[in-house]
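What follows is a set of notes on a single structure, which appears directly below.
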Amino acid sequence: MENKVLMKGTDAIGEAAIQAGCKCYFGYPITPQNEIPEYMARRIEEVGGVFLQGESEIASINMVLGAAASGVRAMTSSSSPGISLKQEGMSFLAAMELPAVIVNIMRGGPGLGNIAPAQGDYYQATRGGGHGDYRTPVFAPAAIQELYDITMDAFDIADMYRTPVMIMGDGMMGQMMEPIVLNKRKEINLPVKDYILTGADGRPSRIMRSLILDVMEMEEHNWKLKRKYDLMRSRLPSCEEFMTDGAKLVIVAYGTAARIAKGAVKRARRDGVAVGLLRPISLWPFPDKAIQNLAKEVKNFLVFEMSTGQMVDDVIMALKGKAECEFYGRPGGVVPTPAEIERIIGRYWVQRGL
Amino acid sequence: MNKVFSKPKYLKDVPFHYCPGCGHSIIHRLIAELIDEMNMGLRIIGVPPAGCAVLAYNYFDIDMCEAPHGRGCAVATGFKRSQPDKIVFTYQGDGDMAAIGTAETLHAANRGERITSIFVNNAVYGMTGGQMAPTTLLGQKTSTSPYGRRADVEGYPLLITELIASLKGAAYVARNSLATPAKILAAKRSIKKAFEVQMQGIGYSLVEILSPCPTNWKLSAIDSFKLLETRMEKEFPIGVLKDVTKAKEEA
Ligand SMILES: Cc1ncc(C[n+]2csc(CCOP(=O)(O)OP(=O)(O)O)c2C)c(N)n1
């Protein structure tokens, strides 16, 4: 058996980044993710990397930009209000096709909100977030092992597709401790970084820009990005199906909400309710094929989010009217218990006459 | 025949887009000459701003990376921290440096970031069409201060260079002007010193350059250069504000 270590979510993110060869961390404190910069401040110098606390999230994401353009694996992390401030920089990263990993440990909002776990930033994360026509791959792990593995993969995905990649968690995922295996980095072939700026030594000078004044050229750049996003759409969707065999009702939930829903599904199954769970792991690209496959048999879906309803739009779009879709939400930082979700399942089950 | 004047090696062979009488082209030339004279061409990375000089990367034949408006010093920090052996400079206008990017500028300076900033003060927002800048002079009319800048409404011209000189992380801080050929040569000496300070690894270096914008000042090129001396240099006194290498020599 492999050696397991007990690790907290935020530390798992930090250690995974180190193992993935991240050499630059720039960030600004905000609860509930302060343990990430704190971990990196201790750890990254041991591997010859750079930790720098920026004067703001804006500064931090732009430091990431400079490091990414240097060809170095770089990351930043924050929580909701800070992620809002990073959006301009993320748009530039997407435009310049620079790899970076951005972690959002979501909290209750809008505004300053609170520091409790919430899922209100789904739209921002999956619809581009910043200005302009771009997408960012977004992953929402629901266990510490998964958080560790996905953080490590995120750096490869960022390099493979030359794109910023986002990891979405919440205070619960950040604070929770679970035993995990510190898997080694996968050996994969990544494209040579032939775009980086290192001083024009032995080659012609290079520029890195997002300003494209010629509209035809800008349009072509947009289509080029779109082709890249289509490629990611065909390769990156991922999800977990839990107890969907013979299910008449499927709950769709991600991250912390999915953990709660899983508990509820187990309880309901014990009571003979044929319910399952589909847990999107990639939020963009959304695993709509998996939902469509389920919808061949299952005609009732219930989306549960710790928000007033955002991912539910993607589920409805994926279903294309082939099944009923209801929503249950607890926004604002409320973390319901599996028992509460089980009650919701029961109520829906009866209402729909299942 | 002896060649006495030619395009600097590190300027590409393309015409500048800058307006007649604009100072950006002069400053580009000074930097390009120094890149050659100081043998920096193979290890320098430039960070141009959002502003009239955004297209600087079309002119300099060196590696360059555009920064979002105001974030030059943060982007340059990312470059320098991941490639400490490289020479990194930002090129920024007054809006970029002293309004939207004030925080990035001050904090990079205060950290003693081993980068050099070339700060072009033309007292207006050139690129967006001549709006008020943090350095717009009192009484100066711009498209967003149509009655002339009033201290009680728009506040005073911001002397960010003086602010930076007060920070311990700043090693060399100078203000120059393009008003006369002699002053242009002095500006070149300041930029040279700023790069030297970066190479010595002793801290942040900054050269502010008072530069004309005839188009938005609505003056002829000649009158704009005159105004640099009669008005700009009064509000923004030229000279070396800080040089820690001098202080060391004296001590
Ligand atoms: C976030 C953001 N806000 C506003 C702008 C528009 N903008 C571009 S350049 C500029 C100001 C340019 O003035 P300055 O920095 O003084 O440089 P100059 O053009 O005079 O050389 C502004 C407001 C922008 N590009 N990005």
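FYI, nothing fancy with the structure tokens labels: chains A, B, ... in order, residues from 1 per chain, ligands from 1 as they appear.
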
Neighbourhood of ligand 1 at 10 Å, counting only C-alpha atoms and all ligand atoms, reported as a ChimeraX atom specification: /A:88-89,211 /B:18,22-24,49-54,67-71,91-101,119-136,211-213,216

Using the selection just defined, write its residues with N, CA and C atoms as a compact mmCIF listing (two decimals), in the first residue's frame.
```txt
# COMPACT_ATOMS: atom_id res chain seq x y z
N GLU A 88 -9.12 41.09 -15.35
CA GLU A 88 -8.48 41.78 -16.48
C GLU A 88 -7.20 41.03 -16.87
N GLY A 89 -6.43 40.66 -15.84
CA GLY A 89 -5.19 39.95 -16.10
C GLY A 89 -5.44 38.60 -16.74
N LEU A 211 -2.87 43.54 -28.09
CA LEU A 211 -3.43 44.59 -28.94
C LEU A 211 -3.34 44.15 -30.39
N TYR B 18 4.27 57.94 -34.33
CA TYR B 18 4.02 59.07 -33.42
C TYR B 18 3.77 60.38 -34.18
N CYS B 22 6.33 64.73 -31.29
CA CYS B 22 6.12 63.92 -30.09
C CYS B 22 7.46 63.47 -29.51
N GLY B 23 7.53 63.40 -28.18
CA GLY B 23 8.79 63.03 -27.55
C GLY B 23 9.08 61.54 -27.53
N HIS B 24 8.06 60.71 -27.72
CA HIS B 24 8.28 59.27 -27.61
C HIS B 24 9.38 58.78 -28.55
N PRO B 49 3.68 50.08 -22.34
CA PRO B 49 2.42 50.30 -21.60
C PRO B 49 1.21 50.22 -22.52
N ALA B 50 0.00 50.40 -21.94
CA ALA B 50 -1.12 50.88 -22.73
C ALA B 50 -0.98 52.39 -22.70
N GLY B 51 -0.90 52.99 -23.85
CA GLY B 51 -0.66 54.42 -23.98
C GLY B 51 -0.13 54.61 -25.38
N CYS B 52 0.27 55.83 -25.70
CA CYS B 52 0.76 56.07 -27.07
C CYS B 52 1.90 55.12 -27.42
N ALA B 53 2.66 54.71 -26.42
CA ALA B 53 3.84 53.89 -26.70
C ALA B 53 3.53 52.40 -26.71
N VAL B 54 2.24 52.05 -26.76
CA VAL B 54 1.89 50.62 -26.72
C VAL B 54 2.55 49.87 -27.87
N ALA B 67 1.92 45.20 -21.35
CA ALA B 67 1.31 45.04 -20.03
C ALA B 67 -0.08 45.67 -20.06
N PRO B 68 -1.01 45.17 -19.26
CA PRO B 68 -2.28 45.89 -19.11
C PRO B 68 -1.99 47.30 -18.57
N HIS B 69 -2.88 48.23 -18.88
CA HIS B 69 -2.70 49.64 -18.52
C HIS B 69 -2.34 49.80 -17.03
N GLY B 70 -1.17 50.31 -16.78
CA GLY B 70 -0.74 50.59 -15.40
C GLY B 70 0.03 49.48 -14.73
N ARG B 71 0.02 48.28 -15.31
CA ARG B 71 0.58 47.13 -14.58
C ARG B 71 2.01 46.81 -14.98
N TYR B 91 8.28 50.99 -19.78
CA TYR B 91 8.20 52.26 -20.49
C TYR B 91 6.78 52.72 -20.28
N GLN B 92 6.57 53.81 -19.56
CA GLN B 92 5.21 54.13 -19.15
C GLN B 92 4.89 55.63 -19.27
N GLY B 93 3.64 55.91 -19.60
CA GLY B 93 3.17 57.29 -19.61
C GLY B 93 2.74 57.71 -18.22
N ASP B 94 2.30 58.98 -18.10
CA ASP B 94 1.95 59.48 -16.77
C ASP B 94 0.66 58.86 -16.24
N GLY B 95 -0.29 58.60 -17.15
CA GLY B 95 -1.52 57.95 -16.69
C GLY B 95 -1.23 56.54 -16.23
N ASP B 96 -0.43 55.86 -17.02
CA ASP B 96 -0.07 54.47 -16.76
C ASP B 96 0.69 54.35 -15.43
N MET B 97 1.62 55.24 -15.26
CA MET B 97 2.56 55.18 -14.13
C MET B 97 1.96 55.75 -12.85
N ALA B 98 1.24 56.86 -12.99
CA ALA B 98 0.92 57.67 -11.80
C ALA B 98 -0.56 57.79 -11.51
N ALA B 99 -1.42 57.14 -12.33
CA ALA B 99 -2.85 57.12 -11.99
C ALA B 99 -3.25 55.66 -11.78
N ILE B 100 -3.56 54.98 -12.86
CA ILE B 100 -4.07 53.60 -12.73
C ILE B 100 -3.01 52.66 -12.15
N GLY B 101 -1.74 52.96 -12.40
CA GLY B 101 -0.69 52.05 -11.96
C GLY B 101 0.10 52.51 -10.75
N PHE B 119 9.75 56.81 -17.51
CA PHE B 119 8.44 57.40 -17.27
C PHE B 119 8.30 58.67 -18.11
N VAL B 120 7.42 58.62 -19.09
CA VAL B 120 7.29 59.73 -20.03
C VAL B 120 6.12 60.61 -19.62
N ASN B 121 6.47 61.79 -19.11
CA ASN B 121 5.45 62.71 -18.60
C ASN B 121 5.16 63.77 -19.65
N ASN B 122 3.97 63.64 -20.27
CA ASN B 122 3.55 64.66 -21.24
C ASN B 122 2.31 65.41 -20.75
N ALA B 123 1.98 65.24 -19.48
CA ALA B 123 0.92 65.99 -18.80
C ALA B 123 -0.48 65.78 -19.39
N VAL B 124 -0.62 64.79 -20.26
CA VAL B 124 -1.95 64.45 -20.78
C VAL B 124 -2.03 62.95 -21.04
N TYR B 125 -3.26 62.47 -21.26
CA TYR B 125 -3.45 61.12 -21.77
C TYR B 125 -3.41 61.24 -23.28
N GLY B 126 -2.29 60.87 -23.86
CA GLY B 126 -2.13 61.04 -25.29
C GLY B 126 -3.01 60.07 -26.07
N MET B 127 -2.89 58.80 -25.74
CA MET B 127 -3.51 57.79 -26.58
C MET B 127 -5.03 57.91 -26.67
N THR B 128 -5.64 58.28 -25.56
CA THR B 128 -7.10 58.32 -25.56
C THR B 128 -7.63 59.68 -26.01
N GLY B 129 -6.74 60.60 -26.38
CA GLY B 129 -7.20 61.83 -27.02
C GLY B 129 -7.08 63.09 -26.18
N GLY B 130 -6.15 63.11 -25.26
CA GLY B 130 -5.84 64.36 -24.58
C GLY B 130 -6.67 64.67 -23.34
N GLN B 131 -7.04 63.65 -22.59
CA GLN B 131 -7.74 63.89 -21.33
C GLN B 131 -6.75 64.31 -20.24
N MET B 132 -7.32 64.72 -19.10
CA MET B 132 -6.48 65.14 -17.98
C MET B 132 -5.68 63.95 -17.43
N ALA B 133 -4.44 64.22 -17.10
CA ALA B 133 -3.57 63.20 -16.51
C ALA B 133 -3.28 63.60 -15.07
N PRO B 134 -2.71 62.69 -14.28
CA PRO B 134 -2.35 63.08 -12.90
C PRO B 134 -1.32 64.21 -12.90
N THR B 135 -0.58 64.34 -14.00
CA THR B 135 0.47 65.35 -14.07
C THR B 135 0.05 66.61 -14.84
N THR B 136 -1.22 66.67 -15.21
CA THR B 136 -1.70 67.89 -15.90
C THR B 136 -1.47 69.11 -15.00
N SER B 211 8.15 65.47 -21.62
CA SER B 211 8.11 65.21 -23.05
C SER B 211 6.92 65.94 -23.68
N PRO B 212 7.12 66.52 -24.86
CA PRO B 212 6.05 67.32 -25.45
C PRO B 212 4.98 66.49 -26.15
N CYS B 213 3.75 67.01 -26.14
CA CYS B 213 2.64 66.39 -26.87
C CYS B 213 1.94 67.49 -27.66
N ASN B 216 -1.97 67.18 -28.48
CA ASN B 216 -2.97 67.40 -27.43
C ASN B 216 -2.77 68.70 -26.66
```

Mind dumping a table of every chain A residue within 6 Å of chain B, with the nearest atom pair and its distance in Å to one decimal, using only C-alpha atoms, sorted by chain and rising number, as a Markdown table?
```
| residue | atom | partner | partner_atom | distance |
| --- | --- | --- | --- | --- |
| A:Ala59 | CA | B:Ala74 | CA | 5.3 |
| A:Asn62 | CA | B:Val75 | CA | 5.0 |
| A:Met63 | CA | B:Gly78 | CA | 4.1 |
| A:Val64 | CA | B:Gly78 | CA | 6.0 |
| A:Gly66 | CA | B:Gly78 | CA | 4.1 |
| A:Ala67 | CA | B:Gly78 | CA | 4.5 |
| A:Ser70 | CA | B:Phe79 | CA | 6.0 |
| A:Leu197 | CA | B:Asp63 | CA | 5.7 |
| A:Gly199 | CA | B:Arg43 | CA | 4.1 |
| A:Ala200 | CA | B:Leu42 | CA | 4.9 |
| A:Asp201 | CA | B:Leu42 | CA | 4.5 |
| A:Ser205 | CA | B:Ile62 | CA | 4.8 |
| A:Arg206 | CA | B:Asp63 | CA | 4.8 |
| A:Ile207 | CA | B:Met64 | CA | 4.8 |
| A:Met208 | CA | B:Cys65 | CA | 4.6 |
| A:Arg209 | CA | B:Glu66 | CA | 5.1 |
```

For Met40 of chain A: contacts at 9 Å, only C-alpha atoms, fewer than 4 positions along chain excluded, given as an NGL selection string: :A and (11 or 14-15 or 17-18 or 25 or 35-36 or 44-45 or 50-51)

Give me a file of those residues, with all heavy atoms, as a JSON list (two decimals), in the first residue's frame.
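As written to disk, part_12.json reads:
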```json
[["chain", "number", "residue", "atom", "x", "y", "z"],
["A", 11, "ASP", "N", -3.02, 23.01, 1.69],
["A", 11, "ASP", "CA", -1.64, 22.50, 1.62],
["A", 11, "ASP", "C", -1.49, 21.54, 0.45],
["A", 11, "ASP", "O", -0.43, 21.50, -0.19],
["A", 11, "ASP", "CB", -1.27, 21.78, 2.92],
["A", 11, "ASP", "CG", -1.19, 22.73, 4.10],
["A", 11, "ASP", "OD1", -1.43, 23.95, 3.88],
["A", 11, "ASP", "OD2", -0.89, 22.29, 5.22],
["A", 14, "GLY", "N", -0.90, 23.54, -2.54],
["A", 14, "GLY", "CA", 0.47, 24.06, -2.55],
["A", 14, "GLY", "C", 1.48, 22.98, -2.90],
["A", 14, "GLY", "O", 2.34, 23.18, -3.76],
["A", 15, "GLU", "N", 1.36, 21.81, -2.27],
["A", 15, "GLU", "CA", 2.33, 20.75, -2.51],
["A", 15, "GLU", "C", 2.22, 20.21, -3.94],
["A", 15, "GLU", "O", 3.24, 19.93, -4.59],
["A", 15, "GLU", "CB", 2.17, 19.62, -1.49],
["A", 15, "GLU", "CG", 3.27, 18.59, -1.51],
["A", 15, "GLU", "CD", 4.70, 19.17, -1.41],
["A", 15, "GLU", "OE1", 4.89, 20.21, -0.74],
["A", 15, "GLU", "OE2", 5.61, 18.59, -2.05],
["A", 17, "ALA", "N", 1.35, 21.92, -6.50],
["A", 17, "ALA", "CA", 1.98, 22.92, -7.37],
["A", 17, "ALA", "C", 3.49, 22.75, -7.36],
["A", 17, "ALA", "O", 4.15, 22.77, -8.40],
["A", 17, "ALA", "CB", 1.58, 24.33, -6.91],
["A", 18, "ILE", "N", 4.04, 22.53, -6.17],
["A", 18, "ILE", "CA", 5.49, 22.34, -6.06],
["A", 18, "ILE", "C", 5.91, 21.11, -6.86],
["A", 18, "ILE", "O", 6.85, 21.15, -7.64],
["A", 18, "ILE", "CB", 5.90, 22.15, -4.57],
["A", 18, "ILE", "CG1", 5.57, 23.40, -3.75],
["A", 18, "ILE", "CG2", 7.36, 21.74, -4.44],
["A", 18, "ILE", "CD1", 6.47, 24.59, -4.00],
["A", 25, "TYR", "N", 5.05, 31.85, -7.23],
["A", 25, "TYR", "CA", 3.73, 32.07, -6.66],
["A", 25, "TYR", "C", 3.61, 33.56, -6.33],
["A", 25, "TYR", "O", 4.47, 34.12, -5.64],
["A", 25, "TYR", "CB", 3.50, 31.25, -5.38],
["A", 25, "TYR", "CG", 2.17, 31.61, -4.76],
["A", 25, "TYR", "CD1", 1.04, 30.84, -5.00],
["A", 25, "TYR", "CD2", 2.03, 32.76, -3.99],
["A", 25, "TYR", "CE1", -0.19, 31.20, -4.48],
["A", 25, "TYR", "CE2", 0.80, 33.13, -3.47],
["A", 25, "TYR", "CZ", -0.31, 32.35, -3.72],
["A", 25, "TYR", "OH", -1.53, 32.72, -3.22],
["A", 35, "GLU", "N", -3.96, 30.01, 3.67],
["A", 35, "GLU", "CA", -3.00, 28.93, 3.90],
["A", 35, "GLU", "C", -2.25, 28.56, 2.62],
["A", 35, "GLU", "O", -1.20, 27.95, 2.70],
["A", 35, "GLU", "CB", -3.70, 27.69, 4.49],
["A", 35, "GLU", "CG", -4.26, 27.91, 5.89],
["A", 35, "GLU", "CD", -5.65, 28.55, 5.90],
["A", 35, "GLU", "OE1", -6.09, 29.07, 4.84],
["A", 35, "GLU", "OE2", -6.29, 28.51, 6.95],
["A", 36, "ILE", "N", -2.81, 28.92, 1.46],
["A", 36, "ILE", "CA", -2.07, 28.61, 0.22],
["A", 36, "ILE", "C", -0.82, 29.49, 0.13],
["A", 36, "ILE", "O", 0.29, 28.97, 0.03],
["A", 36, "ILE", "CB", -2.97, 28.72, -1.05],
["A", 36, "ILE", "CG1", -4.18, 27.79, -0.93],
["A", 36, "ILE", "CG2", -2.15, 28.37, -2.30],
["A", 36, "ILE", "CD1", -5.16, 27.92, -2.08],
["A", 44, "ILE", "N", 8.27, 27.14, -1.34],
["A", 44, "ILE", "CA", 8.75, 27.29, -2.72],
["A", 44, "ILE", "C", 10.25, 27.63, -2.76],
["A", 44, "ILE", "O", 10.95, 27.26, -3.70],
["A", 44, "ILE", "CB", 7.89, 28.30, -3.52],
["A", 44, "ILE", "CG1", 7.97, 28.02, -5.03],
["A", 44, "ILE", "CG2", 8.29, 29.74, -3.23],
["A", 44, "ILE", "CD1", 6.88, 28.66, -5.86],
["A", 45, "GLU", "N", 10.75, 28.28, -1.74],
["A", 45, "GLU", "CA", 12.18, 28.60, -1.75],
["A", 45, "GLU", "C", 13.03, 27.34, -1.62],
["A", 45, "GLU", "O", 14.17, 27.30, -2.09],
["A", 45, "GLU", "CB", 12.52, 29.62, -0.64],
["A", 45, "GLU", "CG", 12.07, 31.01, -1.04],
["A", 45, "GLU", "CD", 12.46, 32.09, -0.05],
["A", 45, "GLU", "OE1", 13.32, 31.84, 0.81],
["A", 45, "GLU", "OE2", 11.87, 33.19, -0.14],
["A", 50, "VAL", "N", 10.19, 31.24, -6.39],
["A", 50, "VAL", "CA", 9.97, 32.59, -5.91],
["A", 50, "VAL", "C", 8.57, 32.71, -5.31],
["A", 50, "VAL", "O", 7.59, 32.37, -5.97],
["A", 50, "VAL", "CB", 10.08, 33.61, -7.07],
["A", 50, "VAL", "CG1", 9.71, 35.01, -6.60],
["A", 50, "VAL", "CG2", 11.48, 33.58, -7.67],
["A", 51, "PHE", "N", 8.49, 33.20, -4.09],
["A", 51, "PHE", "CA", 7.21, 33.60, -3.51],
["A", 51, "PHE", "C", 7.24, 35.10, -3.34],
["A", 51, "PHE", "O", 8.21, 35.66, -2.82],
["A", 51, "PHE", "CB", 7.00, 32.95, -2.13],
["A", 51, "PHE", "CG", 5.81, 33.54, -1.40],
["A", 51, "PHE", "CD1", 4.55, 33.01, -1.59],
["A", 51, "PHE", "CD2", 5.96, 34.64, -0.56],
["A", 51, "PHE", "CE1", 3.45, 33.56, -0.95],
["A", 51, "PHE", "CE2", 4.85, 35.20, 0.08],
["A", 51, "PHE", "CZ", 3.60, 34.66, -0.11]]
```

Residue set, segment 34-100 of chain A restricted to strand (DSSP E or B), as JSON, numbers by chain: {"A": [50, 51, 52, 53, 74, 75, 76, 77, 78, 100]}

Quick one: write out the picked residues with all heavy atoms as a compact mmCIF listing (two decimals), in the first residue's frame?
```txt
# COMPACT_ATOMS: atom_id res chain seq x y z
N VAL A 50 10.19 31.24 -6.39
CA VAL A 50 9.97 32.59 -5.91
C VAL A 50 8.57 32.71 -5.31
O VAL A 50 7.59 32.37 -5.97
CB VAL A 50 10.08 33.61 -7.07
CG1 VAL A 50 9.71 35.01 -6.60
CG2 VAL A 50 11.48 33.58 -7.67
N PHE A 51 8.49 33.20 -4.09
CA PHE A 51 7.21 33.60 -3.51
C PHE A 51 7.24 35.10 -3.34
O PHE A 51 8.21 35.66 -2.82
CB PHE A 51 7.00 32.95 -2.13
CG PHE A 51 5.81 33.54 -1.40
CD1 PHE A 51 4.55 33.01 -1.59
CD2 PHE A 51 5.96 34.64 -0.56
CE1 PHE A 51 3.45 33.56 -0.95
CE2 PHE A 51 4.85 35.20 0.08
CZ PHE A 51 3.60 34.66 -0.11
N LEU A 52 6.19 35.76 -3.79
CA LEU A 52 6.12 37.20 -3.56
C LEU A 52 4.68 37.58 -3.26
O LEU A 52 3.77 37.23 -4.00
CB LEU A 52 6.63 37.96 -4.80
CG LEU A 52 6.82 39.47 -4.64
CD1 LEU A 52 7.85 39.79 -3.56
CD2 LEU A 52 7.26 40.08 -5.97
N GLN A 53 4.50 38.25 -2.14
CA GLN A 53 3.16 38.75 -1.82
C GLN A 53 2.97 40.06 -2.56
O GLN A 53 3.64 41.05 -2.28
CB GLN A 53 3.02 38.94 -0.30
CG GLN A 53 1.64 39.44 0.08
CD GLN A 53 1.41 39.40 1.58
OE1 GLN A 53 1.79 38.44 2.26
NE2 GLN A 53 0.81 40.44 2.13
N ALA A 74 3.84 29.26 -13.20
CA ALA A 74 3.46 30.27 -12.22
C ALA A 74 2.00 30.11 -11.83
O ALA A 74 1.19 29.64 -12.61
CB ALA A 74 3.69 31.66 -12.79
N MET A 75 1.71 30.51 -10.59
CA MET A 75 0.33 30.41 -10.12
C MET A 75 -0.02 31.56 -9.19
O MET A 75 0.86 32.25 -8.67
CB MET A 75 0.09 29.09 -9.39
CG MET A 75 0.64 29.07 -7.97
SD MET A 75 0.28 27.52 -7.08
CE MET A 75 -1.50 27.61 -6.85
N THR A 76 -1.31 31.73 -8.99
CA THR A 76 -1.80 32.65 -7.97
C THR A 76 -3.05 32.01 -7.38
O THR A 76 -3.62 31.08 -7.97
CB THR A 76 -2.11 34.04 -8.55
OG1 THR A 76 -2.53 34.92 -7.50
CG2 THR A 76 -3.22 33.99 -9.58
N SER A 77 -3.45 32.48 -6.21
CA SER A 77 -4.69 31.98 -5.63
C SER A 77 -5.37 33.12 -4.91
O SER A 77 -4.74 34.11 -4.55
CB SER A 77 -4.40 30.85 -4.64
OG SER A 77 -3.63 31.33 -3.55
N SER A 78 -6.68 32.99 -4.75
CA SER A 78 -7.43 34.03 -4.07
C SER A 78 -8.80 33.49 -3.71
O SER A 78 -9.06 32.29 -3.85
CB SER A 78 -7.55 35.26 -4.99
OG SER A 78 -8.10 36.34 -4.28
N ALA A 100 -1.09 29.56 -16.97
CA ALA A 100 -1.04 29.93 -15.55
C ALA A 100 -2.11 29.15 -14.82
O ALA A 100 -3.09 28.71 -15.44
CB ALA A 100 -1.29 31.43 -15.38
```

Shell of 12 Å around Pro280 of chain A, only C-alpha atoms, local chain residues under 3 positions omitted, as number ranges by chain: A: 138-142, 168, 236-242, 251-259, 277, 283-291, 303-305, 311-312, 314-315

Output for the residues just chosen: N, CA and C atoms as a short mmCIF file (atom, residue, chain, number, x, y, z; two decimals), in the first residue's frame:
```cif
data_model
loop_
_atom_site.label_atom_id
_atom_site.label_comp_id
_atom_site.auth_asym_id
_atom_site.auth_seq_id
_atom_site.Cartn_x
_atom_site.Cartn_y
_atom_site.Cartn_z
N VAL A 138 -11.95 25.10 -16.19
CA VAL A 138 -12.22 25.23 -14.76
C VAL A 138 -12.48 23.84 -14.18
N PHE A 139 -11.82 23.53 -13.08
CA PHE A 139 -12.00 22.22 -12.45
C PHE A 139 -12.42 22.40 -11.00
N ALA A 140 -13.35 21.55 -10.57
CA ALA A 140 -13.88 21.67 -9.23
C ALA A 140 -13.75 20.34 -8.49
N PRO A 141 -12.62 20.10 -7.85
CA PRO A 141 -12.44 18.84 -7.13
C PRO A 141 -13.37 18.75 -5.91
N ALA A 142 -13.62 17.50 -5.47
CA ALA A 142 -14.51 17.31 -4.33
C ALA A 142 -13.88 16.45 -3.24
N MET A 168 -11.47 25.52 -8.82
CA MET A 168 -12.50 26.10 -7.95
C MET A 168 -12.70 25.22 -6.73
N LEU A 236 -11.42 17.61 -22.59
CA LEU A 236 -11.28 17.86 -21.15
C LEU A 236 -12.50 17.58 -20.26
N PRO A 237 -13.71 17.43 -20.83
CA PRO A 237 -14.83 17.24 -19.91
C PRO A 237 -14.61 16.02 -19.02
N SER A 238 -14.90 16.15 -17.74
CA SER A 238 -14.78 15.01 -16.84
C SER A 238 -15.84 15.11 -15.76
N CYS A 239 -16.28 13.94 -15.32
CA CYS A 239 -17.29 13.91 -14.26
C CYS A 239 -17.26 12.56 -13.58
N GLU A 240 -17.93 12.51 -12.45
CA GLU A 240 -18.07 11.25 -11.73
C GLU A 240 -19.55 10.88 -11.70
N GLU A 241 -19.83 9.63 -11.98
CA GLU A 241 -21.21 9.16 -11.83
C GLU A 241 -21.27 8.26 -10.61
N PHE A 242 -22.25 8.50 -9.76
CA PHE A 242 -22.36 7.75 -8.52
C PHE A 242 -23.78 7.22 -8.38
N ILE A 251 -29.18 13.63 -9.32
CA ILE A 251 -28.77 14.93 -8.77
C ILE A 251 -27.51 15.37 -9.52
N VAL A 252 -27.44 16.64 -9.87
CA VAL A 252 -26.21 17.17 -10.46
C VAL A 252 -25.66 18.21 -9.48
N ALA A 253 -24.44 17.99 -9.02
CA ALA A 253 -23.83 18.91 -8.07
C ALA A 253 -22.32 18.80 -8.20
N TYR A 254 -21.59 19.87 -7.86
CA TYR A 254 -20.13 19.83 -7.96
C TYR A 254 -19.49 20.28 -6.64
N GLY A 255 -18.24 19.94 -6.48
CA GLY A 255 -17.47 20.39 -5.32
C GLY A 255 -18.11 19.97 -4.01
N THR A 256 -18.08 20.87 -3.04
CA THR A 256 -18.63 20.59 -1.72
C THR A 256 -20.10 20.16 -1.81
N ALA A 257 -20.86 20.82 -2.67
CA ALA A 257 -22.28 20.47 -2.81
C ALA A 257 -22.42 19.01 -3.23
N ALA A 258 -21.49 18.53 -4.07
CA ALA A 258 -21.56 17.15 -4.53
C ALA A 258 -21.26 16.17 -3.39
N ARG A 259 -20.36 16.55 -2.50
CA ARG A 259 -20.08 15.68 -1.34
C ARG A 259 -21.33 15.51 -0.49
N LEU A 277 -26.10 10.32 -8.61
CA LEU A 277 -25.45 11.63 -8.63
C LEU A 277 -24.55 11.74 -9.85
N LEU A 283 -15.88 22.10 -14.91
CA LEU A 283 -17.08 22.96 -15.03
C LEU A 283 -17.10 23.62 -16.39
N TRP A 284 -15.90 23.95 -16.89
CA TRP A 284 -15.75 24.28 -18.31
C TRP A 284 -14.52 23.56 -18.79
N PRO A 285 -14.56 22.77 -19.84
CA PRO A 285 -15.78 22.43 -20.58
C PRO A 285 -16.73 21.57 -19.73
N PHE A 286 -18.01 21.83 -19.89
CA PHE A 286 -19.02 21.14 -19.09
C PHE A 286 -19.25 19.73 -19.64
N PRO A 287 -19.41 18.76 -18.75
CA PRO A 287 -19.59 17.37 -19.23
C PRO A 287 -20.99 17.12 -19.77
N ASP A 288 -21.38 17.84 -20.80
CA ASP A 288 -22.77 17.71 -21.26
C ASP A 288 -23.07 16.37 -21.93
N LYS A 289 -22.03 15.75 -22.53
CA LYS A 289 -22.26 14.43 -23.16
C LYS A 289 -22.71 13.42 -22.11
N ALA A 290 -22.07 13.45 -20.96
CA ALA A 290 -22.42 12.50 -19.89
C ALA A 290 -23.86 12.71 -19.45
N ILE A 291 -24.27 13.97 -19.38
CA ILE A 291 -25.64 14.27 -18.99
C ILE A 291 -26.61 13.79 -20.06
N VAL A 303 -30.75 19.77 -9.82
CA VAL A 303 -29.45 20.41 -9.65
C VAL A 303 -29.39 21.04 -8.27
N PHE A 304 -28.31 20.75 -7.57
CA PHE A 304 -28.11 21.34 -6.25
C PHE A 304 -26.82 22.16 -6.24
N GLU A 305 -26.93 23.43 -5.91
CA GLU A 305 -25.75 24.29 -5.83
C GLU A 305 -25.82 25.13 -4.57
N MET A 311 -25.00 26.77 -12.36
CA MET A 311 -24.69 25.59 -13.18
C MET A 311 -25.96 24.99 -13.78
N VAL A 312 -27.09 25.22 -13.10
CA VAL A 312 -28.36 24.66 -13.60
C VAL A 312 -28.60 25.05 -15.06
N ASP A 314 -26.38 25.27 -17.38
CA ASP A 314 -25.61 24.36 -18.24
C ASP A 314 -26.29 23.00 -18.32
N VAL A 315 -26.89 22.57 -17.21
CA VAL A 315 -27.58 21.28 -17.21
C VAL A 315 -28.79 21.36 -18.15
#
```

Who sits within 8 Å of Thr308 of chain A, only C-alpha atoms, same chain under 4 positions skipped, as an MDAnalysis selection string: chainID A and resid 120 328:331
